[in-house]
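Asks: Just final_12.csv, nothing more (CSV, C-alpha atoms):
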```csv
chain,number,residue,atom,x,y,z
A,1,MET,CA,-13.6,0.8,-23.7
A,2,ALA,CA,-16.1,-1.9,-24.2
A,3,ILE,CA,-16.4,-4.1,-21.1
A,4,ALA,CA,-18.3,-7.3,-20.8
A,5,ARG,CA,-21.5,-7.4,-18.8
A,6,LEU,CA,-22.3,-10.3,-16.6
A,7,GLY,CA,-26.0,-10.8,-16.8
A,8,THR,CA,-28.4,-13.4,-15.5
A,9,ASP,CA,-27.4,-15.7,-18.4
A,10,GLY,CA,-23.8,-15.4,-17.3
A,11,TYR,CA,-21.9,-13.6,-20.0
A,12,GLN,CA,-22.8,-11.1,-22.7
A,13,LYS,CA,-19.8,-10.1,-24.7
A,14,ILE,CA,-19.9,-6.7,-26.3
A,15,GLY,CA,-19.2,-6.8,-30.0
A,16,SER,CA,-19.2,-10.6,-30.0
A,17,ASP,CA,-18.5,-12.0,-33.5
A,18,GLU,CA,-16.3,-14.6,-35.1
A,19,THR,CA,-13.8,-12.2,-36.6
A,20,ALA,CA,-10.3,-12.1,-35.1
A,21,VAL,CA,-9.3,-8.9,-33.3
A,22,THR,CA,-6.5,-7.0,-34.9
A,23,SER,CA,-5.6,-3.7,-33.2
A,24,ASP,CA,-3.9,-3.5,-29.8
A,25,GLU,CA,-6.9,-1.8,-28.3
A,26,GLU,CA,-9.3,-4.4,-29.7
A,27,ARG,CA,-7.0,-7.2,-28.3
A,28,ARG,CA,-6.9,-5.5,-24.9
A,29,THR,CA,-10.7,-5.1,-24.8
A,30,ALA,CA,-11.3,-8.6,-26.0
A,31,ILE,CA,-9.0,-10.0,-23.3
A,32,LEU,CA,-10.7,-8.0,-20.6
A,33,ASP,CA,-14.1,-9.1,-21.9
A,34,ALA,CA,-13.0,-12.8,-21.8
A,35,ALA,CA,-11.4,-12.4,-18.4
A,36,ALA,CA,-14.6,-11.0,-17.0
A,37,HIS,CA,-16.4,-14.2,-18.0
A,38,VAL,CA,-13.7,-16.7,-16.9
A,39,PHE,CA,-13.0,-15.1,-13.6
A,40,ALA,CA,-16.7,-14.8,-12.7
A,41,THR,CA,-17.5,-18.4,-13.7
A,42,LYS,CA,-14.4,-20.1,-12.4
A,43,GLY,CA,-12.9,-17.8,-9.8
A,44,PHE,CA,-9.3,-16.6,-9.8
A,45,SER,CA,-7.7,-19.9,-8.9
A,46,GLY,CA,-9.7,-21.9,-11.5
A,47,ALA,CA,-9.2,-19.4,-14.3
A,48,THR,CA,-6.3,-20.0,-16.8
A,49,THR,CA,-4.7,-17.5,-19.2
A,50,ALA,CA,-5.0,-20.2,-21.9
A,51,GLU,CA,-8.8,-20.2,-21.6
A,52,ILE,CA,-9.0,-16.4,-21.4
A,53,ALA,CA,-6.8,-16.2,-24.6
A,54,ARG,CA,-8.9,-18.8,-26.4
A,55,LEU,CA,-12.2,-17.0,-25.5
A,56,ALA,CA,-10.7,-13.6,-26.6
A,57,ARG,CA,-9.4,-15.2,-29.8
A,58,VAL,CA,-5.9,-14.0,-29.2
A,59,SER,CA,-2.7,-15.8,-28.6
A,60,LYS,CA,-1.2,-16.3,-25.1
A,61,ARG,CA,1.7,-14.1,-26.3
A,62,ASP,CA,-0.8,-11.3,-27.1
A,63,LEU,CA,-2.3,-11.7,-23.7
A,64,TYR,CA,1.1,-11.4,-21.9
A,65,ASP,CA,2.0,-8.4,-24.2
A,66,HIS,CA,-0.8,-6.5,-22.5
A,67,PHE,CA,-0.9,-8.1,-19.0
A,68,GLU,CA,2.2,-9.4,-17.2
A,69,SER,CA,0.4,-11.9,-15.1
A,70,LYS,CA,-3.1,-13.3,-14.2
A,71,GLU,CA,-3.1,-11.1,-11.2
A,72,GLY,CA,-2.3,-8.0,-13.3
A,73,LEU,CA,-5.1,-9.0,-15.7
A,74,LEU,CA,-7.6,-9.3,-12.8
A,75,SER,CA,-6.5,-6.0,-11.4
A,76,ALA,CA,-6.9,-4.3,-14.8
A,77,MET,CA,-10.4,-5.8,-15.2
A,78,VAL,CA,-11.4,-4.5,-11.8
A,79,ARG,CA,-10.2,-1.0,-12.6
A,80,ALA,CA,-12.0,-1.1,-16.0
A,81,TYR,CA,-15.3,-1.9,-14.3
A,82,SER,CA,-14.8,0.5,-11.4
A,83,THR,CA,-14.0,3.6,-13.6
A,84,THR,CA,-17.5,3.4,-15.2
A,85,LEU,CA,-19.3,4.3,-12.0
A,86,PRO,CA,-21.3,7.6,-12.2
A,87,PHE,CA,-19.7,10.7,-10.6
A,88,ALA,CA,-21.3,13.6,-8.8
A,89,ASP,CA,-19.1,16.5,-9.9
A,90,ASP,CA,-20.9,16.9,-13.2
A,91,LEU,CA,-24.2,17.8,-11.5
A,92,GLY,CA,-23.7,21.5,-11.6
A,93,SER,CA,-23.5,24.1,-8.8
A,94,PRO,CA,-26.6,24.1,-6.6
A,95,ASP,CA,-27.5,27.6,-5.3
A,96,THR,CA,-30.6,26.6,-3.2
A,97,LEU,CA,-31.3,23.8,-0.8
A,98,ASP,CA,-34.0,22.4,-3.0
A,99,ALA,CA,-31.7,22.4,-6.0
A,100,PHE,CA,-29.0,20.6,-3.9
A,101,LEU,CA,-31.3,17.9,-2.7
A,102,ASP,CA,-32.9,17.4,-6.1
A,103,LEU,CA,-29.5,16.9,-7.7
A,104,LEU,CA,-28.3,14.7,-4.9
A,105,GLY,CA,-31.4,12.5,-5.4
A,106,LYS,CA,-30.8,12.2,-9.1
A,107,PHE,CA,-27.2,11.2,-8.5
A,108,GLY,CA,-28.3,8.7,-5.8
A,109,ARG,CA,-30.7,6.9,-8.2
A,110,ARG,CA,-28.0,6.7,-10.9
A,111,PHE,CA,-25.3,5.5,-8.5
A,112,ALA,CA,-27.5,2.9,-6.8
A,113,ALA,CA,-28.8,1.6,-10.1
A,114,ASP,CA,-25.3,1.2,-11.5
A,115,LEU,CA,-23.8,-0.3,-8.3
A,116,CYS,CA,-26.5,-3.0,-8.2
A,117,GLN,CA,-26.0,-4.1,-11.8
A,118,PRO,CA,-25.3,-7.9,-12.1
A,119,HIS,CA,-21.8,-7.4,-13.5
A,120,ARG,CA,-20.8,-5.2,-10.6
A,121,THR,CA,-22.3,-7.7,-8.1
A,122,ALA,CA,-20.2,-10.4,-9.8
A,123,LEU,CA,-17.1,-8.2,-9.5
A,124,PHE,CA,-17.6,-7.6,-5.8
A,125,ARG,CA,-18.3,-11.3,-5.2
A,126,LEU,CA,-15.1,-12.1,-6.9
A,127,ALA,CA,-13.1,-9.5,-4.9
A,128,ALA,CA,-14.5,-10.8,-1.7
A,129,SER,CA,-13.8,-14.5,-2.5
A,130,GLU,CA,-10.2,-13.7,-3.5
A,131,ALA,CA,-9.4,-11.1,-0.9
A,132,GLY,CA,-7.0,-13.3,1.0
A,133,ARG,CA,-5.1,-14.4,-2.1
A,134,VAL,CA,-5.1,-11.4,-4.4
A,135,ASN,CA,-4.6,-8.5,-2.0
A,136,GLU,CA,-4.5,-5.8,-4.7
A,137,LEU,CA,-8.2,-6.4,-5.7
A,138,GLY,CA,-9.7,-4.3,-2.9
A,139,LYS,CA,-7.1,-1.6,-3.4
A,140,ALA,CA,-8.0,-1.5,-7.1
A,141,ILE,CA,-11.7,-1.2,-6.4
A,142,SER,CA,-11.0,1.6,-3.9
A,143,GLU,CA,-8.5,3.5,-6.1
A,144,ALA,CA,-10.5,3.2,-9.4
A,145,GLY,CA,-14.1,3.2,-8.1
A,146,ALA,CA,-14.8,4.4,-4.6
A,147,GLY,CA,-12.0,6.9,-4.5
A,148,PRO,CA,-13.0,8.9,-7.5
A,149,VAL,CA,-16.7,8.7,-6.7
A,150,ASN,CA,-16.0,10.0,-3.2
A,151,ALA,CA,-13.8,12.8,-4.6
A,152,SER,CA,-16.6,13.8,-7.0
A,153,VAL,CA,-19.1,13.9,-4.1
A,154,ARG,CA,-16.7,16.1,-2.1
A,155,THR,CA,-16.5,18.5,-5.1
A,156,PHE,CA,-20.3,18.6,-5.4
A,157,VAL,CA,-20.7,19.2,-1.6
A,158,GLY,CA,-18.0,21.8,-1.7
A,159,LYS,CA,-20.1,23.8,-4.2
A,160,ALA,CA,-23.1,23.6,-1.9
A,161,ILE,CA,-21.0,24.8,1.0
A,162,ALA,CA,-19.6,27.7,-1.1
A,163,ALA,CA,-23.2,28.7,-2.0
A,164,GLY,CA,-24.3,28.7,1.6
A,165,VAL,CA,-26.6,25.8,1.2
A,166,LEU,CA,-24.8,23.4,3.5
A,167,ARG,CA,-22.9,24.1,6.7
A,168,PRO,CA,-19.3,22.8,6.6
A,169,GLU,CA,-19.7,21.0,9.9
A,170,ASP,CA,-22.7,19.1,8.6
A,171,ALA,CA,-21.1,17.9,5.3
A,172,THR,CA,-19.5,14.6,6.6
A,173,LEU,CA,-22.5,13.5,8.6
A,174,ALA,CA,-24.9,14.3,5.7
A,175,MET,CA,-22.9,12.3,3.2
A,176,ARG,CA,-22.4,9.3,5.5
A,177,ALA,CA,-26.2,9.3,6.2
A,178,PHE,CA,-26.9,9.7,2.5
A,179,PHE,CA,-24.9,6.7,1.4
A,180,GLY,CA,-25.8,4.7,4.4
A,181,VAL,CA,-29.5,5.0,3.7
A,182,LEU,CA,-29.1,4.8,-0.1
A,183,VAL,CA,-27.0,1.5,-0.1
A,184,GLY,CA,-26.7,0.3,3.4
A,185,GLU,CA,-26.6,-3.4,4.2
A,186,SER,CA,-28.9,-4.3,1.3
A,187,HIS,CA,-25.9,-4.2,-1.1
A,188,VAL,CA,-24.0,-6.6,1.2
A,189,TRP,CA,-27.0,-9.0,1.1
A,190,GLN,CA,-27.1,-8.8,-2.7
A,191,ILE,CA,-23.4,-9.6,-3.0
A,192,VAL,CA,-23.7,-12.7,-0.8
A,193,GLY,CA,-26.8,-13.8,-2.8
A,194,ALA,CA,-29.3,-13.4,0.0
A,195,THR,CA,-31.4,-10.9,-2.0
A,196,ASP,CA,-32.0,-10.0,-5.6
A,197,ALA,CA,-31.0,-6.7,-7.1
A,198,PRO,CA,-33.4,-3.9,-6.1
A,199,THR,CA,-36.1,-2.8,-8.5
A,200,GLU,CA,-36.1,0.6,-10.1
A,201,GLU,CA,-38.9,1.5,-7.7
A,202,ALA,CA,-37.0,0.3,-4.6
A,203,ILE,CA,-33.9,2.3,-5.7
A,204,ALA,CA,-36.0,5.4,-6.2
A,205,ALA,CA,-37.6,5.0,-2.7
A,206,SER,CA,-34.1,4.5,-1.1
A,207,ALA,CA,-32.8,7.6,-2.9
A,208,ASP,CA,-35.8,9.6,-1.6
A,209,LEU,CA,-35.3,8.4,1.9
A,210,ALA,CA,-31.5,9.2,1.7
A,211,VAL,CA,-32.3,12.7,0.6
A,212,GLU,CA,-34.8,13.1,3.4
A,213,ALA,CA,-32.1,12.1,5.9
A,214,VAL,CA,-29.8,14.8,4.5
A,215,ARG,CA,-32.6,17.4,4.6
A,216,ARG,CA,-33.2,16.6,8.3
A,217,ILE,CA,-29.5,17.0,9.1
A,218,ILE,CA,-29.3,20.3,7.4
A,219,ALA,CA,-32.5,21.5,9.2
A,220,ARG,CA,-31.2,20.8,12.7
```
Would you mind writing the file out in structure tokens?
Replies:
Amino acid sequence: MAIARLGTDGYQKIGSDETAVTSDEERRTAILDAAAHVFATKGFSGATTAEIARLARVSKRDLYDHFESKEGLLSAMVRAYSTTLPFADDLGSPDTLDAFLDLLGKFGRRFAADLCQPHRTALFRLAASEAGRVNELGKAISEAGAGPVNASVRTFVGKAIAAGVLRPEDATLAMRAFFGVLVGESHVWQIVGATDAPTEEAIAASADLAVEAVRRIIAR
């Protein structure tokens, strides 16, 4: 599914042209693309389904055929964004400590780079600003994004444990340390607008430091 990206210039619609959408999947994608822009620029309360339908070049009836309410549309948009996060369970089965740490570092760089993309920052800002009014937002982010990512990491770590690379009793501490160092409070500051998105070099440095934290826990 094509999803809109919210960049520094506000909105970049994938496949943006002047032709009307025709298939159900095209309509759904166009509606989600338009919703990403309208919600990010006007917030949930200020957004209207009429404006979203107009931007998507569909009728309001088409919009409500796919999404029963504005809340349902927002939840679907959140889930669509969240399911594109990189997972760790496709990294393979590490059979040595060096292989485990190398693969963990590669995943960390991919994950942090994706997490800090402007469109994700806009999504988290929206979820934070509407948390008291649209309670399912946080749940949607957790179920569609954080939950599957955590499950994929557990699968990867389980392979390392099975190979004798990681002690079971160290797994939870190692992963909490890894994500704490990799993302930490810097992501919060980015969401609230206090800092810019990290550079590629900064992400690589954080991933290296996170891997080193895991190495030290394993070496205890």
Asks: If you count only C-alpha atoms, which residues fall within 12 Å of A:Arg176, apart from same-chain ones fewer than 3 positions away, as a ChimeraX atom specification?
Replies: /A:150,153-154,170-173,179-184,210-211,213-214,217
Asks: Residues at most 10 Å from A:Val157, counting all atoms listed in the file, excluding those fewer than 3 positions away in the same chain, as a ChimeraX atom specification?
Replies: /A:88-89,93-94,100,104,151-154,160-163,165-168,171-172,174-175
Asks: Next, the residues of the selection above should be written as a short mmCIF file (atom, residue, chain, number, x, y, z; two decimals), in the coordinates of the input with C-alpha atoms.
Replies:
```
data_model
loop_
_atom_site.label_atom_id
_atom_site.label_comp_id
_atom_site.auth_asym_id
_atom_site.auth_seq_id
_atom_site.Cartn_x
_atom_site.Cartn_y
_atom_site.Cartn_z
CA ALA A 88 -21.30 13.60 -8.80
CA ASP A 89 -19.10 16.50 -9.90
CA SER A 93 -23.50 24.10 -8.80
CA PRO A 94 -26.60 24.10 -6.60
CA PHE A 100 -29.00 20.60 -3.90
CA LEU A 104 -28.30 14.70 -4.90
CA ALA A 151 -13.80 12.80 -4.60
CA SER A 152 -16.60 13.80 -7.00
CA VAL A 153 -19.10 13.90 -4.10
CA ARG A 154 -16.70 16.10 -2.10
CA ALA A 160 -23.10 23.60 -1.90
CA ILE A 161 -21.00 24.80 1.00
CA ALA A 162 -19.60 27.70 -1.10
CA ALA A 163 -23.20 28.70 -2.00
CA VAL A 165 -26.60 25.80 1.20
CA LEU A 166 -24.80 23.40 3.50
CA ARG A 167 -22.90 24.10 6.70
CA PRO A 168 -19.30 22.80 6.60
CA ALA A 171 -21.10 17.90 5.30
CA THR A 172 -19.50 14.60 6.60
CA ALA A 174 -24.90 14.30 5.70
CA MET A 175 -22.90 12.30 3.20
#
```
Asks: Mind listing as a count of residues only all residues within 6 Å of (-8.4, -2.8, -11.6), counting all atoms listed in the file?
Replies: 7
Asks: Kindly give the distance, in Å, that separates atom CA of A:Thr29 and atom CA of A:Gln190, rounded to a single decimal.
Replies: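 Atom-to-atom, atom CA of A:Thr29 to atom CA of A:Gln190, that is 27.8 Å.
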Asks: Grab the atom CA of A:Arg215 to atom CA of A:Gly164 distance for me, in Å with one decimal place.
Replies: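 We find that atom CA of A:Arg215 and atom CA of A:Gly164 lie 14.3 Å from each other.
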Asks: Out of A:Glu169, A:Lys70, A:Phe87, A:Lys139, which residue has the shortest atom-to-atom distance to A:Phe111 when counting only C-alpha atoms?
Replies: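 Result for the nearest residue to A:Phe111: A:Phe87.
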Asks: As an exercise, work out the distance from atom CA of A:Phe178 to atom CA of A:Pro118 in Å and give it to one decimal place.
Replies: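 Rounded to one decimal, the two atoms are 22.9 Å apart.
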Asks: Just need stretch 89-125 of chain A in a file, please: N, CA and C atoms, as an mmCIF file, in the first residue's frame.
Replies:
```cif
data_model
loop_
_atom_site.group_PDB
_atom_site.id
_atom_site.type_symbol
_atom_site.label_atom_id
_atom_site.label_comp_id
_atom_site.auth_asym_id
_atom_site.auth_seq_id
_atom_site.Cartn_x
_atom_site.Cartn_y
_atom_site.Cartn_z
ATOM 1 N N ASP A 89 13.102 -10.232 12.779
ATOM 2 C CA ASP A 89 13.082 -11.687 12.646
ATOM 3 C C ASP A 89 13.508 -12.172 11.261
ATOM 4 N N ASP A 90 13.832 -11.240 10.363
ATOM 5 C CA ASP A 90 14.334 -11.643 9.051
ATOM 6 C C ASP A 90 15.848 -11.513 8.959
ATOM 7 N N LEU A 91 16.500 -11.347 10.108
ATOM 8 C CA LEU A 91 17.951 -11.133 10.119
ATOM 9 C C LEU A 91 18.739 -12.425 9.992
ATOM 10 N N GLY A 92 18.095 -13.552 10.205
ATOM 11 C CA GLY A 92 18.819 -14.808 10.173
ATOM 12 C C GLY A 92 19.039 -15.356 11.567
ATOM 13 N N SER A 93 19.835 -16.429 11.646
ATOM 14 C CA SER A 93 20.094 -17.101 12.920
ATOM 15 C C SER A 93 21.567 -16.952 13.278
ATOM 16 N N PRO A 94 21.917 -16.056 14.194
ATOM 17 C CA PRO A 94 23.322 -15.851 14.553
ATOM 18 C C PRO A 94 23.858 -17.044 15.346
ATOM 19 N N ASP A 95 25.038 -17.521 14.976
ATOM 20 C CA ASP A 95 25.613 -18.666 15.691
ATOM 21 C C ASP A 95 26.862 -18.298 16.465
ATOM 22 N N THR A 96 27.257 -17.017 16.397
ATOM 23 C CA THR A 96 28.385 -16.537 17.195
ATOM 24 C C THR A 96 28.012 -15.180 17.788
ATOM 25 N N LEU A 97 28.742 -14.779 18.826
ATOM 26 C CA LEU A 97 28.478 -13.487 19.440
ATOM 27 C C LEU A 97 28.706 -12.354 18.449
ATOM 28 N N ASP A 98 29.776 -12.421 17.688
ATOM 29 C CA ASP A 98 30.063 -11.355 16.725
ATOM 30 C C ASP A 98 28.952 -11.245 15.682
ATOM 31 N N ALA A 99 28.462 -12.389 15.221
ATOM 32 C CA ALA A 99 27.381 -12.369 14.233
ATOM 33 C C ALA A 99 26.116 -11.765 14.837
ATOM 34 N N PHE A 100 25.810 -12.131 16.080
ATOM 35 C CA PHE A 100 24.626 -11.599 16.771
ATOM 36 C C PHE A 100 24.716 -10.084 16.903
ATOM 37 N N LEU A 101 25.864 -9.595 17.354
ATOM 38 C CA LEU A 101 26.024 -8.158 17.556
ATOM 39 C C LEU A 101 26.041 -7.401 16.234
ATOM 40 N N ASP A 102 26.632 -8.002 15.208
ATOM 41 C CA ASP A 102 26.661 -7.355 13.898
ATOM 42 C C ASP A 102 25.247 -7.207 13.335
ATOM 43 N N LEU A 103 24.460 -8.261 13.412
ATOM 44 C CA LEU A 103 23.089 -8.216 12.914
ATOM 45 C C LEU A 103 22.230 -7.273 13.754
ATOM 46 N N LEU A 104 22.466 -7.263 15.056
ATOM 47 C CA LEU A 104 21.715 -6.369 15.944
ATOM 48 C C LEU A 104 22.014 -4.909 15.597
ATOM 49 N N GLY A 105 23.272 -4.622 15.308
ATOM 50 C CA GLY A 105 23.645 -3.262 14.928
ATOM 51 C C GLY A 105 23.004 -2.835 13.621
ATOM 52 N N LYS A 106 22.966 -3.742 12.648
ATOM 53 C CA LYS A 106 22.331 -3.436 11.360
ATOM 54 C C LYS A 106 20.851 -3.164 11.537
ATOM 55 N N PHE A 107 20.200 -3.998 12.354
ATOM 56 C CA PHE A 107 18.780 -3.760 12.626
ATOM 57 C C PHE A 107 18.581 -2.422 13.334
ATOM 58 N N GLY A 108 19.439 -2.125 14.292
ATOM 59 C CA GLY A 108 19.322 -0.875 15.041
ATOM 60 C C GLY A 108 19.417 0.346 14.153
ATOM 61 N N ARG A 109 20.329 0.330 13.204
ATOM 62 C CA ARG A 109 20.461 1.470 12.284
ATOM 63 C C ARG A 109 19.223 1.615 11.408
ATOM 64 N N ARG A 110 18.701 0.496 10.915
ATOM 65 C CA ARG A 110 17.488 0.543 10.090
ATOM 66 C C ARG A 110 16.298 1.039 10.901
ATOM 67 N N PHE A 111 16.165 0.495 12.102
ATOM 68 C CA PHE A 111 15.014 0.833 12.935
ATOM 69 C C PHE A 111 15.030 2.306 13.333
ATOM 70 N N ALA A 112 16.180 2.784 13.809
ATOM 71 C CA ALA A 112 16.274 4.177 14.255
ATOM 72 C C ALA A 112 16.074 5.146 13.096
ATOM 73 N N ALA A 113 16.643 4.817 11.935
ATOM 74 C CA ALA A 113 16.494 5.700 10.776
ATOM 75 C C ALA A 113 15.034 5.800 10.354
ATOM 76 N N ASP A 114 14.327 4.678 10.376
ATOM 77 C CA ASP A 114 12.919 4.688 9.986
ATOM 78 C C ASP A 114 12.065 5.390 11.034
ATOM 79 N N LEU A 115 12.346 5.123 12.296
ATOM 80 C CA LEU A 115 11.562 5.710 13.386
ATOM 81 C C LEU A 115 11.639 7.230 13.387
ATOM 82 N N CYS A 116 12.772 7.768 12.960
ATOM 83 C CA CYS A 116 12.987 9.219 13.018
ATOM 84 C C CYS A 116 12.612 9.932 11.726
ATOM 85 N N GLN A 117 12.007 9.238 10.786
ATOM 86 C CA GLN A 117 11.564 9.879 9.553
ATOM 87 C C GLN A 117 10.491 10.931 9.868
ATOM 88 N N PRO A 118 10.451 12.029 9.119
ATOM 89 C CA PRO A 118 9.478 13.097 9.401
ATOM 90 C C PRO A 118 8.036 12.631 9.448
ATOM 91 N N HIS A 119 7.650 11.685 8.571
ATOM 92 C CA HIS A 119 6.249 11.256 8.581
ATOM 93 C C HIS A 119 5.903 10.498 9.854
ATOM 94 N N ARG A 120 6.886 9.774 10.429
ATOM 95 C CA ARG A 120 6.611 9.087 11.688
ATOM 96 C C ARG A 120 6.560 10.084 12.844
ATOM 97 N N THR A 121 7.454 11.070 12.809
ATOM 98 C CA THR A 121 7.420 12.101 13.847
ATOM 99 C C THR A 121 6.071 12.814 13.839
ATOM 100 N N ALA A 122 5.563 13.122 12.641
ATOM 101 C CA ALA A 122 4.251 13.765 12.535
ATOM 102 C C ALA A 122 3.168 12.871 13.110
ATOM 103 N N LEU A 123 3.279 11.567 12.886
ATOM 104 C CA LEU A 123 2.296 10.622 13.401
ATOM 105 C C LEU A 123 2.314 10.591 14.928
ATOM 106 N N PHE A 124 3.511 10.521 15.512
ATOM 107 C CA PHE A 124 3.609 10.475 16.968
ATOM 108 C C PHE A 124 3.130 11.776 17.599
ATOM 109 N N ARG A 125 3.425 12.889 16.958
ATOM 110 C CA ARG A 125 2.933 14.171 17.465
ATOM 111 C C ARG A 125 1.411 14.202 17.463
#
```
